[in-house]
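Raw contents of model_5.tsv, TSV, C-alpha atoms:
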```tsv
chain	number	residue	atom	x	y	z
A	5	MET	CA	40.86	-10.39	-29.81
A	6	LYS	CA	37.70	-8.87	-31.11
A	7	ILE	CA	35.98	-7.34	-28.12
A	8	THR	CA	32.47	-5.95	-27.94
A	9	ILE	CA	31.41	-3.81	-25.02
A	10	LEU	CA	27.68	-3.60	-24.38
A	11	ASN	CA	27.28	-0.26	-22.66
A	12	GLY	CA	24.17	-0.57	-20.52
A	13	ASN	CA	24.43	2.89	-18.97
A	14	PRO	CA	20.93	4.34	-19.36
A	15	ASP	CA	21.86	7.80	-18.14
A	16	ALA	CA	23.61	10.14	-20.57
A	17	GLY	CA	24.32	12.32	-17.52
A	18	ASN	CA	26.53	9.59	-16.06
A	19	VAL	CA	29.52	10.75	-18.07
A	20	GLN	CA	31.96	9.05	-15.73
A	21	PHE	CA	30.82	5.59	-16.74
A	22	ASP	CA	31.06	6.23	-20.47
A	23	SER	CA	34.49	7.86	-20.01
A	24	TYR	CA	35.67	4.79	-18.13
A	25	LEU	CA	34.64	2.57	-21.03
A	26	LYS	CA	36.36	4.88	-23.51
A	27	GLU	CA	39.56	4.72	-21.47
A	28	LEU	CA	39.31	0.95	-21.26
A	29	SER	CA	38.67	0.69	-24.98
A	30	ASP	CA	41.73	2.86	-25.76
A	31	LEU	CA	43.90	0.71	-23.49
A	32	LEU	CA	42.68	-2.47	-25.15
A	33	GLU	CA	43.24	-1.09	-28.62
A	34	SER	CA	46.78	-0.15	-27.67
A	35	SER	CA	47.21	-3.85	-26.84
A	36	LYS	CA	46.12	-4.69	-30.40
A	37	HIS	CA	42.57	-5.70	-29.64
A	38	THR	CA	39.71	-4.53	-31.83
A	39	VAL	CA	37.03	-2.93	-29.67
A	40	THR	CA	33.46	-1.96	-30.48
A	41	ILE	CA	31.37	-0.16	-27.91
A	42	LEU	CA	27.64	-0.53	-28.46
A	43	GLN	CA	25.89	2.41	-26.83
A	44	LEU	CA	22.66	0.64	-25.99
A	45	ARG	CA	20.70	3.73	-25.06
A	46	ASP	CA	21.08	4.95	-28.65
A	47	ILE	CA	19.95	1.67	-30.23
A	48	ASP	CA	16.29	0.91	-30.73
A	49	VAL	CA	15.73	-2.47	-29.10
A	50	ARG	CA	12.23	-3.69	-28.31
A	51	TYR	CA	11.53	-5.88	-25.32
A	52	CYS	CA	11.68	-9.60	-26.00
A	53	ILE	CA	8.08	-10.76	-25.80
A	54	GLY	CA	8.88	-14.47	-25.76
A	55	CYS	CA	7.16	-15.06	-29.12
A	56	PHE	CA	9.87	-17.59	-30.12
A	57	GLY	CA	9.72	-16.20	-33.65
A	58	CYS	CA	13.54	-16.35	-33.65
A	59	TRP	CA	13.29	-20.10	-33.18
A	60	ILE	CA	10.21	-21.13	-35.13
A	61	LYS	CA	9.52	-18.45	-37.77
A	62	THR	CA	12.80	-16.85	-38.82
A	63	PRO	CA	15.33	-19.24	-37.23
A	64	GLY	CA	18.36	-17.41	-35.89
A	65	GLU	CA	16.93	-13.93	-36.25
A	66	CYS	CA	14.53	-11.87	-34.16
A	67	PHE	CA	11.15	-11.71	-35.86
A	68	VAL	CA	11.01	-8.00	-35.04
A	69	ALA	CA	13.34	-5.87	-37.17
A	70	ASP	CA	14.98	-3.77	-34.46
A	71	GLY	CA	18.54	-2.91	-33.42
A	72	SER	CA	18.99	-6.27	-31.71
A	73	ARG	CA	19.85	-7.86	-35.05
A	74	ASP	CA	23.01	-5.75	-35.28
A	75	ILE	CA	23.80	-6.51	-31.65
A	76	CYS	CA	23.50	-10.25	-32.33
A	77	ARG	CA	25.82	-9.97	-35.33
A	78	GLU	CA	28.46	-8.09	-33.33
A	79	TYR	CA	28.06	-10.43	-30.40
A	80	ILE	CA	28.48	-13.75	-32.15
A	81	ASN	CA	31.49	-12.55	-34.13
A	82	SER	CA	33.36	-11.42	-31.00
A	83	ASP	CA	35.90	-13.28	-28.90
A	84	LEU	CA	34.88	-11.51	-25.72
A	85	VAL	CA	31.78	-9.54	-24.83
A	86	LEU	CA	31.90	-7.22	-21.87
A	87	PHE	CA	28.51	-6.59	-20.27
A	88	ALA	CA	28.92	-3.14	-18.73
A	89	SER	CA	26.39	-1.45	-16.50
A	90	PRO	CA	25.80	0.64	-13.44
A	91	VAL	CA	24.15	-1.42	-10.68
A	92	ILE	CA	20.55	-0.25	-10.33
A	93	MET	CA	18.34	-1.81	-7.67
A	94	GLY	CA	20.84	-4.60	-7.18
A	95	PHE	CA	21.15	-5.69	-10.79
A	96	THR	CA	22.47	-4.59	-14.18
A	97	SER	CA	20.28	-2.01	-15.91
A	98	ALA	CA	16.99	-2.83	-17.61
A	99	LEU	CA	18.62	-1.34	-20.70
A	100	LEU	CA	21.35	-3.99	-20.69
A	101	LYS	CA	18.87	-6.72	-19.77
A	102	LYS	CA	16.70	-5.76	-22.73
A	103	ALA	CA	19.60	-6.29	-25.15
A	104	HIS	CA	20.77	-9.39	-23.28
A	105	GLU	CA	17.55	-11.32	-23.67
A	106	LYS	CA	17.41	-10.47	-27.36
A	107	LEU	CA	20.45	-12.72	-27.82
A	108	LEU	CA	18.01	-15.65	-27.80
A	109	PRO	CA	18.23	-16.11	-31.62
A	110	LEU	CA	21.88	-17.09	-31.13
A	111	ILE	CA	20.90	-20.36	-29.52
A	112	HIS	CA	18.64	-23.14	-30.69
A	113	PRO	CA	15.29	-24.31	-29.29
A	114	TYR	CA	16.38	-27.97	-29.14
A	115	LEU	CA	17.53	-29.20	-25.77
A	116	GLU	CA	20.48	-31.14	-24.41
A	117	PHE	CA	22.06	-31.99	-21.09
A	118	VAL	CA	24.92	-29.80	-19.92
A	119	GLN	CA	26.52	-30.65	-16.58
A	120	GLY	CA	23.49	-32.77	-15.76
A	121	GLU	CA	21.04	-29.94	-16.46
A	122	VAL	CA	18.69	-29.24	-19.34
A	123	HIS	CA	19.85	-26.39	-21.59
A	124	HIS	CA	19.34	-25.32	-25.19
A	125	ILE	CA	21.77	-26.45	-27.85
A	126	ALA	CA	24.20	-24.18	-29.70
A	127	ARG	CA	23.32	-22.63	-33.04
A	128	TYR	CA	26.85	-21.43	-33.83
A	129	ASP	CA	30.18	-23.22	-33.63
A	130	LYS	CA	31.78	-20.66	-31.38
A	131	TYR	CA	30.54	-18.20	-28.76
A	132	PRO	CA	32.36	-15.28	-27.16
A	133	LEU	CA	33.56	-15.33	-23.57
A	134	MET	CA	31.55	-13.22	-21.18
A	135	GLY	CA	32.89	-10.58	-18.81
A	136	LEU	CA	31.05	-8.27	-16.47
A	137	LEU	CA	31.92	-4.67	-15.60
A	138	LEU	CA	29.84	-3.01	-12.89
A	139	GLU	CA	29.62	0.43	-11.42
A	140	LYS	CA	28.46	0.29	-7.83
A	141	GLY	CA	25.45	2.37	-6.87
A	142	LYS	CA	25.00	4.07	-3.51
A	143	ASP	CA	23.28	1.03	-2.06
A	144	THR	CA	25.37	-1.69	-3.75
A	145	ASP	CA	27.10	-4.16	-1.45
A	146	GLU	CA	29.29	-7.23	-1.88
A	147	GLU	CA	26.31	-9.54	-1.80
A	148	ASP	CA	24.72	-7.70	-4.75
A	149	ILE	CA	27.90	-8.11	-6.80
A	150	GLU	CA	27.92	-11.80	-5.92
A	151	ILE	CA	24.27	-12.29	-6.86
A	152	ILE	CA	24.73	-10.52	-10.22
A	153	SER	CA	27.93	-12.45	-10.98
A	154	ASP	CA	26.30	-15.77	-10.12
A	155	ILE	CA	23.38	-15.05	-12.43
A	156	TYR	CA	25.73	-14.14	-15.28
A	157	ARG	CA	27.88	-17.20	-14.58
A	158	ARG	CA	24.73	-19.30	-14.90
A	159	ASP	CA	23.71	-17.57	-18.09
A	160	ALA	CA	27.10	-18.29	-19.61
A	161	ILE	CA	25.97	-21.95	-19.68
A	162	ASN	CA	22.92	-20.88	-21.71
A	163	LEU	CA	25.11	-18.83	-24.00
A	164	LYS	CA	27.46	-21.77	-24.62
A	165	THR	CA	30.51	-20.15	-23.13
A	166	SER	CA	32.31	-19.49	-19.90
A	167	PHE	CA	32.24	-16.51	-17.65
A	168	SER	CA	35.61	-14.82	-17.40
A	169	PHE	CA	35.43	-12.19	-14.67
A	170	THR	CA	33.52	-9.51	-12.79
A	171	LYS	CA	35.27	-6.18	-12.42
A	172	LEU	CA	34.16	-2.96	-10.77
A	173	THR	CA	34.72	0.55	-12.08
A	174	ASP	CA	36.27	1.19	-8.62
A	175	ASN	CA	39.32	-0.51	-10.10
A	176	PRO	CA	41.47	1.44	-12.54
A	177	ALA	CA	40.73	0.66	-16.20
A	178	GLU	CA	44.30	-0.69	-16.52
A	179	GLU	CA	43.37	-3.49	-14.17
A	180	VAL	CA	40.41	-4.52	-16.33
A	181	ALA	CA	42.58	-4.29	-19.46
A	182	ASN	CA	45.24	-6.46	-17.81
A	183	GLU	CA	42.62	-9.02	-16.84
A	184	ILE	CA	41.47	-9.14	-20.47
A	185	ASN	CA	45.04	-9.35	-21.75
A	186	ARG	CA	45.58	-12.43	-19.59
A	187	ILE	CA	42.77	-14.31	-21.39
B	53	MET	CA	-6.80	-9.20	2.62
B	54	ARG	CA	-6.15	-6.93	-0.31
B	55	LEU	CA	-3.74	-8.32	-2.90
B	56	THR	CA	-2.09	-6.43	-5.75
B	57	VAL	CA	-0.80	-8.75	-8.44
B	58	PHE	CA	1.70	-7.77	-11.10
B	59	ASN	CA	1.88	-10.14	-14.04
B	60	GLY	CA	5.41	-9.56	-15.31
B	61	SER	CA	5.15	-11.77	-18.38
B	62	PRO	CA	5.98	-10.03	-21.65
B	63	ARG	CA	3.20	-12.18	-23.10
B	64	GLY	CA	0.77	-10.54	-20.69
B	65	LYS	CA	-2.69	-12.08	-20.67
B	66	SER	CA	-1.75	-14.94	-22.96
B	67	SER	CA	1.06	-16.31	-20.84
B	68	SER	CA	1.77	-19.37	-18.73
B	69	THR	CA	2.29	-16.92	-15.86
B	70	GLU	CA	-1.31	-15.76	-16.31
B	71	ILE	CA	-2.64	-19.30	-16.11
B	72	LEU	CA	-0.77	-20.03	-12.89
B	73	LEU	CA	-1.93	-16.70	-11.46
B	74	GLU	CA	-5.57	-17.47	-12.32
B	75	HIS	CA	-5.47	-20.58	-10.17
B	76	PHE	CA	-3.58	-18.90	-7.35
B	77	ILE	CA	-6.05	-16.01	-7.31
B	78	SER	CA	-9.09	-18.35	-7.39
B	79	GLY	CA	-7.72	-20.01	-4.27
B	80	PHE	CA	-6.95	-16.67	-2.67
B	81	MET	CA	-10.50	-15.44	-3.25
B	82	THR	CA	-12.10	-18.31	-1.32
B	83	THR	CA	-11.54	-16.39	1.90
B	84	GLU	CA	-14.41	-14.02	2.45
B	85	GLY	CA	-13.54	-10.35	2.23
B	86	ASN	CA	-10.38	-10.90	0.18
B	87	THR	CA	-9.99	-8.65	-2.85
B	88	TYR	CA	-7.41	-8.41	-5.59
B	89	GLU	CA	-6.26	-6.23	-8.42
B	90	LEU	CA	-4.24	-7.47	-11.37
B	91	ALA	CA	-1.85	-5.31	-13.42
B	92	TYR	CA	0.04	-6.30	-16.56
B	93	LEU	CA	3.60	-5.03	-16.82
B	94	ASN	CA	3.56	-5.45	-20.61
B	95	ARG	CA	0.97	-2.68	-20.91
B	96	VAL	CA	3.44	0.09	-21.37
B	97	LYS	CA	0.84	2.84	-21.26
B	98	ASP	CA	-0.15	1.84	-17.71
B	99	ARG	CA	3.40	2.25	-16.46
B	100	GLU	CA	2.88	5.34	-14.32
B	101	ASN	CA	0.00	3.64	-12.64
B	102	PHE	CA	2.21	0.70	-11.54
B	103	ILE	CA	4.12	2.77	-9.00
B	104	LYS	CA	0.90	4.17	-7.61
B	105	LEU	CA	-0.55	0.65	-7.35
B	106	PHE	CA	2.55	-0.55	-5.53
B	107	GLN	CA	2.55	2.42	-3.19
B	108	GLU	CA	-1.06	1.84	-2.21
B	109	ALA	CA	-0.81	-1.94	-1.95
B	110	GLU	CA	-1.02	-3.97	1.24
B	111	GLN	CA	0.31	-7.15	-0.27
B	112	VAL	CA	2.07	-7.57	-3.58
B	113	LEU	CA	2.57	-10.65	-5.70
B	114	LEU	CA	4.99	-10.28	-8.61
B	115	ALA	CA	5.00	-13.16	-11.08
B	116	PHE	CA	7.17	-13.62	-14.15
B	117	PRO	CA	8.79	-16.15	-16.48
B	118	LEU	CA	12.53	-16.78	-16.21
B	119	TYR	CA	14.41	-14.94	-18.97
B	120	THR	CA	18.18	-15.56	-19.28
B	121	ASP	CA	18.16	-17.01	-15.76
B	122	THR	CA	16.65	-13.89	-14.24
B	123	MET	CA	13.73	-11.44	-14.54
B	124	PRO	CA	12.55	-10.18	-17.96
B	125	ALA	CA	13.81	-6.68	-18.84
B	126	MET	CA	10.24	-5.46	-18.58
B	127	VAL	CA	10.17	-6.54	-14.95
B	128	LYS	CA	13.56	-4.91	-14.34
B	129	THR	CA	12.17	-1.65	-15.73
B	130	PHE	CA	9.35	-1.92	-13.21
B	131	ILE	CA	11.78	-2.67	-10.37
B	132	GLU	CA	13.87	0.37	-11.31
B	133	SER	CA	10.78	2.54	-11.18
B	134	LEU	CA	10.32	1.49	-7.54
B	135	GLU	CA	13.69	2.93	-6.50
B	136	PRO	CA	12.19	6.05	-4.91
B	137	LEU	CA	10.14	3.79	-2.63
B	138	CYS	CA	13.14	2.00	-1.06
B	139	GLY	CA	12.91	1.98	2.70
B	140	ARG	CA	9.62	3.92	2.71
B	141	GLN	CA	7.36	3.36	5.73
B	142	GLY	CA	4.33	1.26	4.89
B	143	ASN	CA	5.65	-0.61	1.88
B	144	PRO	CA	3.59	-3.74	1.13
B	145	SER	CA	4.69	-7.28	1.87
B	146	ILE	CA	5.90	-9.03	-1.25
B	147	GLY	CA	5.91	-12.53	-2.67
B	148	PHE	CA	7.05	-13.83	-6.04
B	149	ILE	CA	6.25	-16.52	-8.57
B	150	VAL	CA	8.98	-17.53	-11.03
B	151	GLN	CA	8.00	-20.02	-13.71
B	152	SER	CA	10.27	-21.35	-16.42
B	153	GLY	CA	10.40	-23.70	-19.35
B	154	PHE	CA	13.33	-25.65	-17.98
B	155	PRO	CA	12.11	-28.68	-16.07
B	156	GLU	CA	14.35	-28.20	-13.02
B	157	ALA	CA	14.01	-25.56	-10.30
B	158	ILE	CA	17.76	-24.99	-10.07
B	159	HIS	CA	17.66	-22.56	-13.02
B	160	SER	CA	15.45	-20.22	-10.99
B	161	ARG	CA	17.33	-20.42	-7.67
B	162	TYR	CA	19.72	-17.61	-8.56
B	163	VAL	CA	17.04	-15.04	-9.23
B	164	GLU	CA	15.34	-16.20	-6.04
B	165	ARG	CA	18.32	-14.83	-4.10
B	166	TYR	CA	17.96	-11.57	-5.98
B	167	LEU	CA	14.26	-11.34	-5.13
B	168	GLU	CA	14.80	-11.94	-1.44
B	169	LYS	CA	17.38	-9.18	-1.45
B	170	LEU	CA	15.02	-6.94	-3.43
B	171	ALA	CA	12.38	-7.25	-0.71
B	172	LEU	CA	14.99	-6.23	1.85
B	173	ARG	CA	16.13	-3.33	-0.33
B	174	LEU	CA	12.57	-2.04	-0.67
B	175	GLY	CA	11.84	-2.60	2.98
B	176	CYS	CA	9.04	-5.03	2.16
B	177	ARG	CA	8.28	-8.06	4.28
B	178	TYR	CA	9.37	-11.05	2.17
B	179	ILE	CA	6.70	-13.72	1.81
B	180	GLY	CA	8.73	-16.08	-0.37
B	181	THR	CA	9.24	-17.23	-3.93
B	182	ILE	CA	7.22	-19.95	-5.61
B	183	ILE	CA	9.34	-21.65	-8.26
B	184	LYS	CA	7.87	-23.85	-10.95
B	185	GLY	CA	9.73	-25.27	-13.92
B	186	GLY	CA	8.43	-27.09	-16.98
B	187	CYS	CA	5.76	-24.50	-17.77
B	188	GLU	CA	6.34	-23.82	-21.45
B	189	GLY	CA	3.17	-24.49	-23.41
B	190	VAL	CA	1.19	-25.26	-20.27
B	191	TRP	CA	-1.93	-23.78	-21.93
B	192	ARG	CA	-2.00	-26.47	-24.60
B	193	ARG	CA	-1.80	-29.45	-22.29
B	194	PRO	CA	-4.92	-31.54	-21.73
B	195	ALA	CA	-6.76	-30.87	-18.46
B	196	LYS	CA	-5.80	-34.20	-16.88
B	197	LYS	CA	-2.13	-33.32	-17.23
B	198	THR	CA	-2.44	-29.96	-15.52
B	199	LYS	CA	-4.85	-30.92	-12.75
B	200	LYS	CA	-2.16	-31.40	-10.12
B	201	LEU	CA	-0.23	-28.29	-11.09
B	202	PHE	CA	-3.25	-26.02	-11.13
B	203	GLY	CA	-4.54	-27.63	-7.94
B	204	ALA	CA	-1.28	-26.82	-6.20
B	205	PHE	CA	-1.45	-23.17	-7.24
B	206	TYR	CA	-5.07	-23.00	-6.13
B	207	GLN	CA	-4.13	-24.45	-2.76
B	208	LEU	CA	-1.15	-22.11	-2.40
B	209	GLY	CA	-3.45	-19.17	-3.10
B	210	GLN	CA	-6.02	-20.48	-0.66
B	211	ILE	CA	-3.54	-20.85	2.18
B	212	TYR	CA	-2.00	-17.50	1.36
B	213	GLY	CA	-5.48	-15.94	1.39
B	214	GLU	CA	-6.09	-17.31	4.86
B	215	THR	CA	-2.71	-16.86	6.50
B	216	GLY	CA	-0.69	-14.41	4.41
B	217	ARG	CA	2.01	-17.07	4.01
B	218	PHE	CA	3.22	-19.38	1.26
B	219	ASP	CA	2.94	-23.00	2.32
B	220	GLU	CA	6.50	-24.35	2.56
B	221	ARG	CA	5.52	-27.93	1.88
B	222	LEU	CA	3.65	-27.05	-1.31
B	223	ILE	CA	6.45	-24.77	-2.52
B	224	HIS	CA	8.92	-27.57	-1.99
B	225	LYS	CA	6.73	-30.01	-3.88
B	226	LEU	CA	6.23	-27.66	-6.82
B	227	ALA	CA	9.95	-27.09	-7.16
B	228	GLN	CA	10.58	-30.78	-7.88
B	229	PRO	CA	12.77	-31.80	-9.56
B	230	GLU	CA	15.28	-29.43	-8.04
B	231	SER	CA	17.72	-31.01	-10.47
B	232	PHE	CA	17.80	-34.48	-12.00
B	233	PRO	CA	19.51	-37.20	-9.95
B	234	LYS	CA	22.88	-38.02	-11.52
B	235	LEU	CA	21.89	-41.65	-11.94
B	236	ILE	CA	18.96	-41.00	-14.26
B	237	VAL	CA	20.67	-38.34	-16.39
B	238	PRO	CA	22.05	-40.90	-18.89
B	239	LEU	CA	18.54	-42.26	-19.44
B	240	LEU	CA	17.08	-38.79	-19.83
B	241	LYS	CA	19.89	-37.90	-22.21
B	242	LEU	CA	18.90	-40.83	-24.34
B	243	LEU	CA	15.26	-39.75	-24.41
B	244	LEU	CA	16.10	-36.13	-25.08
B	245	THR	CA	18.89	-36.41	-27.58
B	246	LYS	CA	18.45	-39.74	-29.31
B	247	ILE	CA	14.68	-39.94	-29.41
B	248	GLY	CA	14.35	-36.15	-29.52
B	249	LEU	CA	11.55	-35.93	-26.99
B	250	ALA	CA	11.93	-32.18	-26.45
B	251	ASN	CA	12.43	-31.44	-30.12
B	252	SER	CA	9.01	-32.85	-30.87
B	253	TYR	CA	7.59	-29.78	-29.15
B	254	TRP	CA	9.29	-27.42	-31.61
B	255	ASN	CA	9.21	-29.38	-34.87
B	256	PRO	CA	5.47	-29.09	-35.62
B	257	MET	CA	5.68	-25.33	-35.09
B	258	LEU	CA	8.74	-25.06	-37.33
B	259	LYS	CA	6.98	-27.07	-40.02
B	260	LYS	CA	3.80	-25.05	-39.76
B	261	ASN	CA	5.83	-21.90	-40.42
B	262	ASN	CA	7.75	-23.48	-43.33
B	263	ALA	CA	10.89	-22.92	-41.29
B	264	PHE	CA	11.86	-26.53	-40.53
B	265	GLU	CA	14.53	-26.72	-43.23
B	266	LYS	CA	16.05	-23.48	-41.98
B	267	ARG	CA	16.02	-24.47	-38.33
B	268	PHE	CA	19.81	-24.59	-38.04
B	269	ALA	CA	20.35	-21.28	-39.87
B	270	LYS	CA	23.30	-19.16	-38.78
B	271	PRO	CA	22.39	-15.80	-40.28
B	272	TYR	CA	25.22	-13.92	-38.56
B	273	ALA	CA	28.12	-16.28	-39.20
B	274	GLU	CA	31.03	-14.38	-40.76
```
How does this structure look as structure tokens?
Amino acid sequence: MKITILNGNPDAGNVQFDSYLKELSDLLESSKHTVTILQLRDIDVRYCIGCFGCWIKTPGECFVADGSRDICREYINSDLVLFASPVIMGFTSALLKKAHEKLLPLIHPYLEFVQGEVHHIARYDKYPLMGLLLEKGKDTDEEDIEIISDIYRRDAINLKTSFSFTKLTDNPAEEVANEINRI
Amino acid sequence: MRLTVFNGSPRGKSSSTEILLEHFISGFMTTEGNTYELAYLNRVKDRENFIKLFQEAEQVLLAFPLYTDTMPAMVKTFIESLEPLCGRQGNPSIGFIVQSGFPEAIHSRYVERYLEKLALRLGCRYIGTIIKGGCEGVWRRPAKKTKKLFGAFYQLGQIYGETGRFDERLIHKLAQPESFPKLIVPLLKLLLTKIGLANSYWNPMLKKNNAFEKRFAKPYAE
């Protein structure tokens, strides 16, 4: 599989998190996957301002020429995207969220019904599976993990895919790699 | 009552969030002695001031549009900046408004859980979350089509200004439809997909930008 890891760790001082992703990436590559880690804190991504330029001016592409265009390209050509982030104030980082909402060009403004609800239609024929990797913060509890997972599971409907798993960095990287190998 | 409002829309002053807030605040201000302050989270240069505003607030209202089924990144940045205030004595009470383009409230219910937990995490008294779907392009609708909606926000603000509470009955009403009844989905499907009711919102804009022919572009397909 082609796997993209969106590293939403905003803190270069949190070496542990980045090392974990490196270990995971090595494990996955040894199982013949191709892995790209996108270090979001080193990519210039502007906040989505909801201008809908990516729908009505330059369809399929953010109107603002920032790093999100490369992220979109990597994303849509992957089989699995792992959203990776420390939990900060009960949710994934603002850094990851910033990149996440700039995936909007990958879907289409037109609407359809999915499971009885209104959602946007697909722009591409195929979308990657979504996985979530979280590092608990000091104040993170089970309920937080559940809330985050539920929101991502919901967003998988928007991103025309299914949500594969939530894993914590408490677990050894082998466990996450095994989970991915089972897909 | 002294209310500190944070408009968390990335579109700032020209947002649907702003319009809903205007009506809420007008209602709130009908009680004598009430005052308010309004800050825009999209004004990056004001960022340091946001924490100070929050710290000094008695009552906070945070309003934002739903982005990828949760808060916009800009709002998350603001929330992260409040981390040092968690559990502090004297934190303000907090209420939320979440508006979205999707017609049903169900899309916003998941972030509602997050917001309730956020209030707890901060040690703020939780006032509630007002959820309103179907708000995209609310600014361009004729007055007679928005009268009820704006009236409801005015009334919510008025009651909040008097009692410090969100009126449950009004919140419930605004959140309709929670989701569409299974029985009418086939009919709605027909309207949406076959007649293209929702597409008619986007097509004139696409055409105006000479982008209609390119609307199905897949620039990243490999």
Between chain A and chain B, at 8 Å or less, what are the per-residue closest atom pairs and their distances in Å? Count only C-alpha atoms, order by chain and rising residue number, and return it as a Markdown table.
```
| residue | atom | partner | partner_atom | distance |
| --- | --- | --- | --- | --- |
| A:Tyr51 | CA | B:Met126 | CA | 6.9 |
| A:Cys52 | CA | B:Pro62 | CA | 7.2 |
| A:Ile53 | CA | B:Pro62 | CA | 4.7 |
| A:Gly54 | CA | B:Arg63 | CA | 6.7 |
| A:Cys55 | CA | B:Arg63 | CA | 7.8 |
| A:Trp59 | CA | B:Arg267 | CA | 7.3 |
| A:Ile60 | CA | B:Leu258 | CA | 4.7 |
| A:Lys61 | CA | B:Asn261 | CA | 5.7 |
| A:Thr62 | CA | B:Ala263 | CA | 6.8 |
| A:Pro63 | CA | B:Arg267 | CA | 5.4 |
| A:Gly64 | CA | B:Ala269 | CA | 5.9 |
| A:Glu65 | CA | B:Pro271 | CA | 7.0 |
| A:Cys76 | CA | B:Tyr272 | CA | 7.4 |
| A:Arg77 | CA | B:Tyr272 | CA | 5.1 |
| A:Ile80 | CA | B:Tyr272 | CA | 7.2 |
| A:Asn81 | CA | B:Glu274 | CA | 6.9 |
| A:Ile92 | CA | B:Glu132 | CA | 6.8 |
| A:Met93 | CA | B:Glu132 | CA | 6.2 |
| A:Gly94 | CA | B:Leu170 | CA | 7.3 |
| A:Ser97 | CA | B:Lys128 | CA | 7.5 |
| A:Ala98 | CA | B:Ala125 | CA | 5.1 |
| A:Leu99 | CA | B:Ala125 | CA | 7.4 |
| A:Lys101 | CA | B:Ala125 | CA | 5.1 |
| A:Lys102 | CA | B:Ala125 | CA | 4.9 |
| A:His104 | CA | B:Thr120 | CA | 7.8 |
| A:Glu105 | CA | B:Thr120 | CA | 6.1 |
| A:His112 | CA | B:Phe268 | CA | 7.6 |
| A:Pro113 | CA | B:Trp254 | CA | 7.1 |
| A:Tyr114 | CA | B:Asn251 | CA | 5.3 |
| A:Leu115 | CA | B:Ala250 | CA | 6.4 |
| A:Glu116 | CA | B:Thr245 | CA | 6.4 |
| A:Phe117 | CA | B:Lys241 | CA | 6.4 |
| A:Gly120 | CA | B:Val237 | CA | 6.3 |
| A:Glu121 | CA | B:Ser231 | CA | 6.9 |
| A:Val122 | CA | B:Phe154 | CA | 6.6 |
| A:His123 | CA | B:Phe154 | CA | 7.5 |
| A:Arg127 | CA | B:Phe268 | CA | 6.4 |
| A:Tyr128 | CA | B:Lys270 | CA | 6.5 |
| A:Asp148 | CA | B:Tyr166 | CA | 7.9 |
| A:Ile151 | CA | B:Tyr166 | CA | 6.4 |
| A:Asp154 | CA | B:Tyr162 | CA | 7.0 |
| A:Ile155 | CA | B:Tyr162 | CA | 5.9 |
| A:Arg158 | CA | B:Asp121 | CA | 7.0 |
| A:Asp159 | CA | B:Thr120 | CA | 6.0 |
| A:Asn162 | CA | B:Thr120 | CA | 7.5 |
```
Could you give me, as a JSON list (two decimals) with C-alpha atoms, in the frame of the given file, the residues that sit within 12 Å of (35.6, 3.1, -16.7) in the file's coordinates, counting only C-alpha atoms?
```json
[["chain", "number", "residue", "atom", "x", "y", "z"],
["A", 9, "ILE", "CA", 31.41, -3.81, -25.02],
["A", 11, "ASN", "CA", 27.28, -0.26, -22.66],
["A", 13, "ASN", "CA", 24.43, 2.89, -18.97],
["A", 18, "ASN", "CA", 26.53, 9.59, -16.06],
["A", 19, "VAL", "CA", 29.52, 10.75, -18.07],
["A", 20, "GLN", "CA", 31.96, 9.05, -15.73],
["A", 21, "PHE", "CA", 30.82, 5.59, -16.74],
["A", 22, "ASP", "CA", 31.06, 6.23, -20.47],
["A", 23, "SER", "CA", 34.49, 7.86, -20.01],
["A", 24, "TYR", "CA", 35.67, 4.79, -18.13],
["A", 25, "LEU", "CA", 34.64, 2.57, -21.03],
["A", 26, "LYS", "CA", 36.36, 4.88, -23.51],
["A", 27, "GLU", "CA", 39.56, 4.72, -21.47],
["A", 28, "LEU", "CA", 39.31, 0.95, -21.26],
["A", 29, "SER", "CA", 38.67, 0.69, -24.98],
["A", 30, "ASP", "CA", 41.73, 2.86, -25.76],
["A", 31, "LEU", "CA", 43.90, 0.71, -23.49],
["A", 88, "ALA", "CA", 28.92, -3.14, -18.73],
["A", 89, "SER", "CA", 26.39, -1.45, -16.50],
["A", 90, "PRO", "CA", 25.80, 0.64, -13.44],
["A", 137, "LEU", "CA", 31.92, -4.67, -15.60],
["A", 138, "LEU", "CA", 29.84, -3.01, -12.89],
["A", 139, "GLU", "CA", 29.62, 0.43, -11.42],
["A", 140, "LYS", "CA", 28.46, 0.29, -7.83],
["A", 171, "LYS", "CA", 35.27, -6.18, -12.42],
["A", 172, "LEU", "CA", 34.16, -2.96, -10.77],
["A", 173, "THR", "CA", 34.72, 0.55, -12.08],
["A", 174, "ASP", "CA", 36.27, 1.19, -8.62],
["A", 175, "ASN", "CA", 39.32, -0.51, -10.10],
["A", 176, "PRO", "CA", 41.47, 1.44, -12.54],
["A", 177, "ALA", "CA", 40.73, 0.66, -16.20],
["A", 178, "GLU", "CA", 44.30, -0.69, -16.52],
["A", 179, "GLU", "CA", 43.37, -3.49, -14.17],
["A", 180, "VAL", "CA", 40.41, -4.52, -16.33],
["A", 181, "ALA", "CA", 42.58, -4.29, -19.46]]
```
Step by step, gather every atom of range 86-103 of chain A that the file lists, find the box along x, y and z that holds them, add 6 Å on each side, and finally give centre and edge lengths in Å to one decimal, as AutoDock Vina command-line options.
```
--center_x 24.3 --center_y -3.3 --center_z -16.2 --size_x 27.2 --size_y 19.9 --size_z 30.0
```
For CA of Lys199 in chain B and CA of Tyr178 in chain B, the interatomic separation in Å (one decimal)
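Between these atoms lies a distance of 28.6 Å.
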From the list A:Leu136, A:Leu163, A:Val91, A:Leu44, the nearest residue to Val118 in chain A using all atoms listed in the file is A:Leu163
